[in-house]
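First comes the structure, then the notes that go with it.
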Amino acid sequence: MKAINLSTGLFSCLLITPAMGGGFDLLGQSNEALFETGRYVEFGVGFGSPNVGGQILAVGAPFVSGDTAPTVPFFNGAFKADINEQFSGAIIVDNPYGRALEYDSGPLSGLSGNVESIAVTGLLRYKFTDRFSVFGGPRLQRMGATPISQFSLAACPPVLAT
């Protein structure tokens with residue numbers, strides 16, 4: 001029984017990585033640093049490389065879009081400190097949302113864009129007991145998008161061009 005628990009724990013540690021699909025959510029909005037013991041500092045950098053593609057159906061033969069999602073970098077950092085026995089505070093900086101889009105083939109070739117975000121969170125926690133606490137605080141978040149278009153509608157099938 002111990003061998004099964006040990007191997008399950010080992011394999012679950014190897015699989016702890018953010019899953020990234022074609023959506024905008026890169027990291028979620030974590031508050032885990034606030035629950036670490038003592039003074040705590042965290043910094044992380046990662047890359048998400050989803051494979052997003054499909055077929056565009058129009059009048060005539062359908063065309064494959066290819067992989068439209070290039071690699072997207074993301075980061076996070078946190079600092080947490082205990083104020084006294086009951087109170088602790090944390091500051092978290094991350095970019096929870098982002099996405100890049102690039103059409104490299106087909107009539108939409110040259111169409112691209114990206115969405116980026118940055119967020120700063122300040123949290124304060126009050127611990128009633130070792131098992132019950134409440135926390136909250138402000139979150140400042142900025143999100144922006146940049147569309148880049150270098151393609152001509154003349155290359156599109158008639159249904160897409162009208």
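In the structure tokens, each chain is lettered A, B, ... as it comes, each chain's residues begin at 1, and ligands are numbered from 1 in order of appearance.
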
Selection: 9 Å around stretch 109-117 of chain A, only C-alpha atoms, excl. self and same-chain fewer than 4 positions, as a list in words
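After dropping sequence-adjacent residues, the list is Phe24, Ser65, Thr68, Asp94, Asn95, Pro96, Tyr97, Gly98, Arg99, Ala100, Leu101, Glu102, Tyr103, Asp104, Ser105, Gln141, Arg142, Met143, Gly144, Ala145, Thr146, Pro147, Ile148, Ser149, Gln150, Phe151 and Ser152 of chain A.
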
At a cut-off of 7 Å, using only C-alpha atoms, what residues contact stretch 38-48 of chain A? Leave out same-chain residues fewer than 5 positions from it and give the result as a PDB file with N, CA, C and O atoms, in the first residue's frame.
```
ATOM      1  N   MET A  20      -2.860  24.634 -20.764  1.00  0.00           N
ATOM      2  CA  MET A  20      -3.229  25.810 -21.534  1.00  0.00           C
ATOM      3  C   MET A  20      -3.842  25.375 -22.846  1.00  0.00           C
ATOM      4  O   MET A  20      -3.238  24.617 -23.587  1.00  0.00           O
ATOM      5  N   THR A  71       3.776  30.187 -29.082  1.00  0.00           N
ATOM      6  CA  THR A  71       4.162  30.108 -27.672  1.00  0.00           C
ATOM      7  C   THR A  71       3.957  31.447 -26.971  1.00  0.00           C
ATOM      8  O   THR A  71       4.284  32.499 -27.519  1.00  0.00           O
ATOM      9  N   VAL A  72       3.395  31.392 -25.755  1.00  0.00           N
ATOM     10  CA  VAL A  72       3.113  32.596 -24.975  1.00  0.00           C
ATOM     11  C   VAL A  72       3.862  32.501 -23.645  1.00  0.00           C
ATOM     12  O   VAL A  72       3.691  31.531 -22.904  1.00  0.00           O
ATOM     13  N   PRO A  73       4.708  33.487 -23.322  1.00  0.00           N
ATOM     14  CA  PRO A  73       5.379  33.470 -22.011  1.00  0.00           C
ATOM     15  C   PRO A  73       4.463  34.046 -20.929  1.00  0.00           C
ATOM     16  O   PRO A  73       3.598  34.863 -21.199  1.00  0.00           O
ATOM     17  N   PHE A  74       4.666  33.589 -19.687  1.00  0.00           N
ATOM     18  CA  PHE A  74       3.934  34.167 -18.561  1.00  0.00           C
ATOM     19  C   PHE A  74       4.815  34.147 -17.327  1.00  0.00           C
ATOM     20  O   PHE A  74       5.802  33.414 -17.265  1.00  0.00           O
ATOM     21  N   PHE A  75       4.477  34.974 -16.335  1.00  0.00           N
ATOM     22  CA  PHE A  75       5.279  35.089 -15.130  1.00  0.00           C
ATOM     23  C   PHE A  75       4.374  35.296 -13.926  1.00  0.00           C
ATOM     24  O   PHE A  75       3.204  35.656 -14.065  1.00  0.00           O
ATOM     25  N   ASN A  76       4.924  35.074 -12.753  1.00  0.00           N
ATOM     26  CA  ASN A  76       4.237  35.425 -11.515  1.00  0.00           C
ATOM     27  C   ASN A  76       5.270  35.630 -10.420  1.00  0.00           C
ATOM     28  O   ASN A  76       6.374  35.100 -10.476  1.00  0.00           O
ATOM     29  N   GLY A  77       4.900  36.429  -9.438  1.00  0.00           N
ATOM     30  CA  GLY A  77       5.758  36.672  -8.291  1.00  0.00           C
ATOM     31  C   GLY A  77       4.902  37.034  -7.089  1.00  0.00           C
ATOM     32  O   GLY A  77       3.800  37.572  -7.243  1.00  0.00           O
ATOM     33  N   ALA A  78       5.379  36.698  -5.895  1.00  0.00           N
ATOM     34  CA  ALA A  78       4.611  36.985  -4.683  1.00  0.00           C
ATOM     35  C   ALA A  78       5.552  37.199  -3.510  1.00  0.00           C
ATOM     36  O   ALA A  78       6.644  36.615  -3.453  1.00  0.00           O
ATOM     37  N   PHE A  79       5.118  38.043  -2.581  1.00  0.00           N
ATOM     38  CA  PHE A  79       5.807  38.225  -1.304  1.00  0.00           C
ATOM     39  C   PHE A  79       4.754  38.184  -0.205  1.00  0.00           C
ATOM     40  O   PHE A  79       3.729  38.857  -0.294  1.00  0.00           O
ATOM     41  N   LYS A  80       5.015  37.381   0.827  1.00  0.00           N
ATOM     42  CA  LYS A  80       4.088  37.242   1.941  1.00  0.00           C
ATOM     43  C   LYS A  80       4.850  37.390   3.243  1.00  0.00           C
ATOM     44  O   LYS A  80       5.976  36.902   3.376  1.00  0.00           O
ATOM     45  N   ALA A  81       4.232  38.082   4.209  1.00  0.00           N
ATOM     46  CA  ALA A  81       4.846  38.241   5.530  1.00  0.00           C
ATOM     47  C   ALA A  81       3.757  38.203   6.594  1.00  0.00           C
ATOM     48  O   ALA A  81       2.628  38.653   6.359  1.00  0.00           O
ATOM     49  N   ASP A  82       4.110  37.662   7.759  1.00  0.00           N
ATOM     50  CA  ASP A  82       3.211  37.683   8.908  1.00  0.00           C
ATOM     51  C   ASP A  82       3.363  39.014   9.615  1.00  0.00           C
ATOM     52  O   ASP A  82       4.475  39.452   9.910  1.00  0.00           O
TER      53      ASP A  82
END
```

Which one of A:Ser30, A:Ser88, A:Asn51, A:Thr37 sits closest to A:Arg139 if you count only C-alpha atoms?
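Result for the nearest residue to A:Arg139: A:Ser30.
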
Could you check which of A:Arg131, A:Phe35, A:Pro138, A:Pro107 is closest to A:Ala119, using only C-alpha atoms?
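Counting only C-alpha atoms, the residue closest to A:Ala119 is A:Pro138.
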
Backbone-only DSSP, helix (DSSP H, G or I) members of stretch 31-134 of chain A, as a ChimeraX atom specification
/A:32-35

Output N, CA, C and O atoms for every residue in the selection just made, as a compact mmCIF listing (two decimals), in the first residue's frame.
```
# COMPACT_ATOMS: atom_id res chain seq x y z
N GLU A 32 -2.41 31.45 -3.18
CA GLU A 32 -1.76 30.44 -2.36
C GLU A 32 -0.61 30.98 -1.52
O GLU A 32 -0.33 30.46 -0.45
N ALA A 33 0.07 32.01 -1.97
CA ALA A 33 1.20 32.55 -1.21
C ALA A 33 0.77 33.04 0.16
O ALA A 33 1.54 32.96 1.13
N LEU A 34 -0.45 33.50 0.27
CA LEU A 34 -0.96 34.01 1.55
C LEU A 34 -1.04 32.93 2.62
O LEU A 34 -1.00 33.23 3.81
N PHE A 35 -1.09 31.68 2.24
CA PHE A 35 -1.25 30.58 3.19
C PHE A 35 0.06 29.85 3.51
O PHE A 35 0.06 28.85 4.21
```
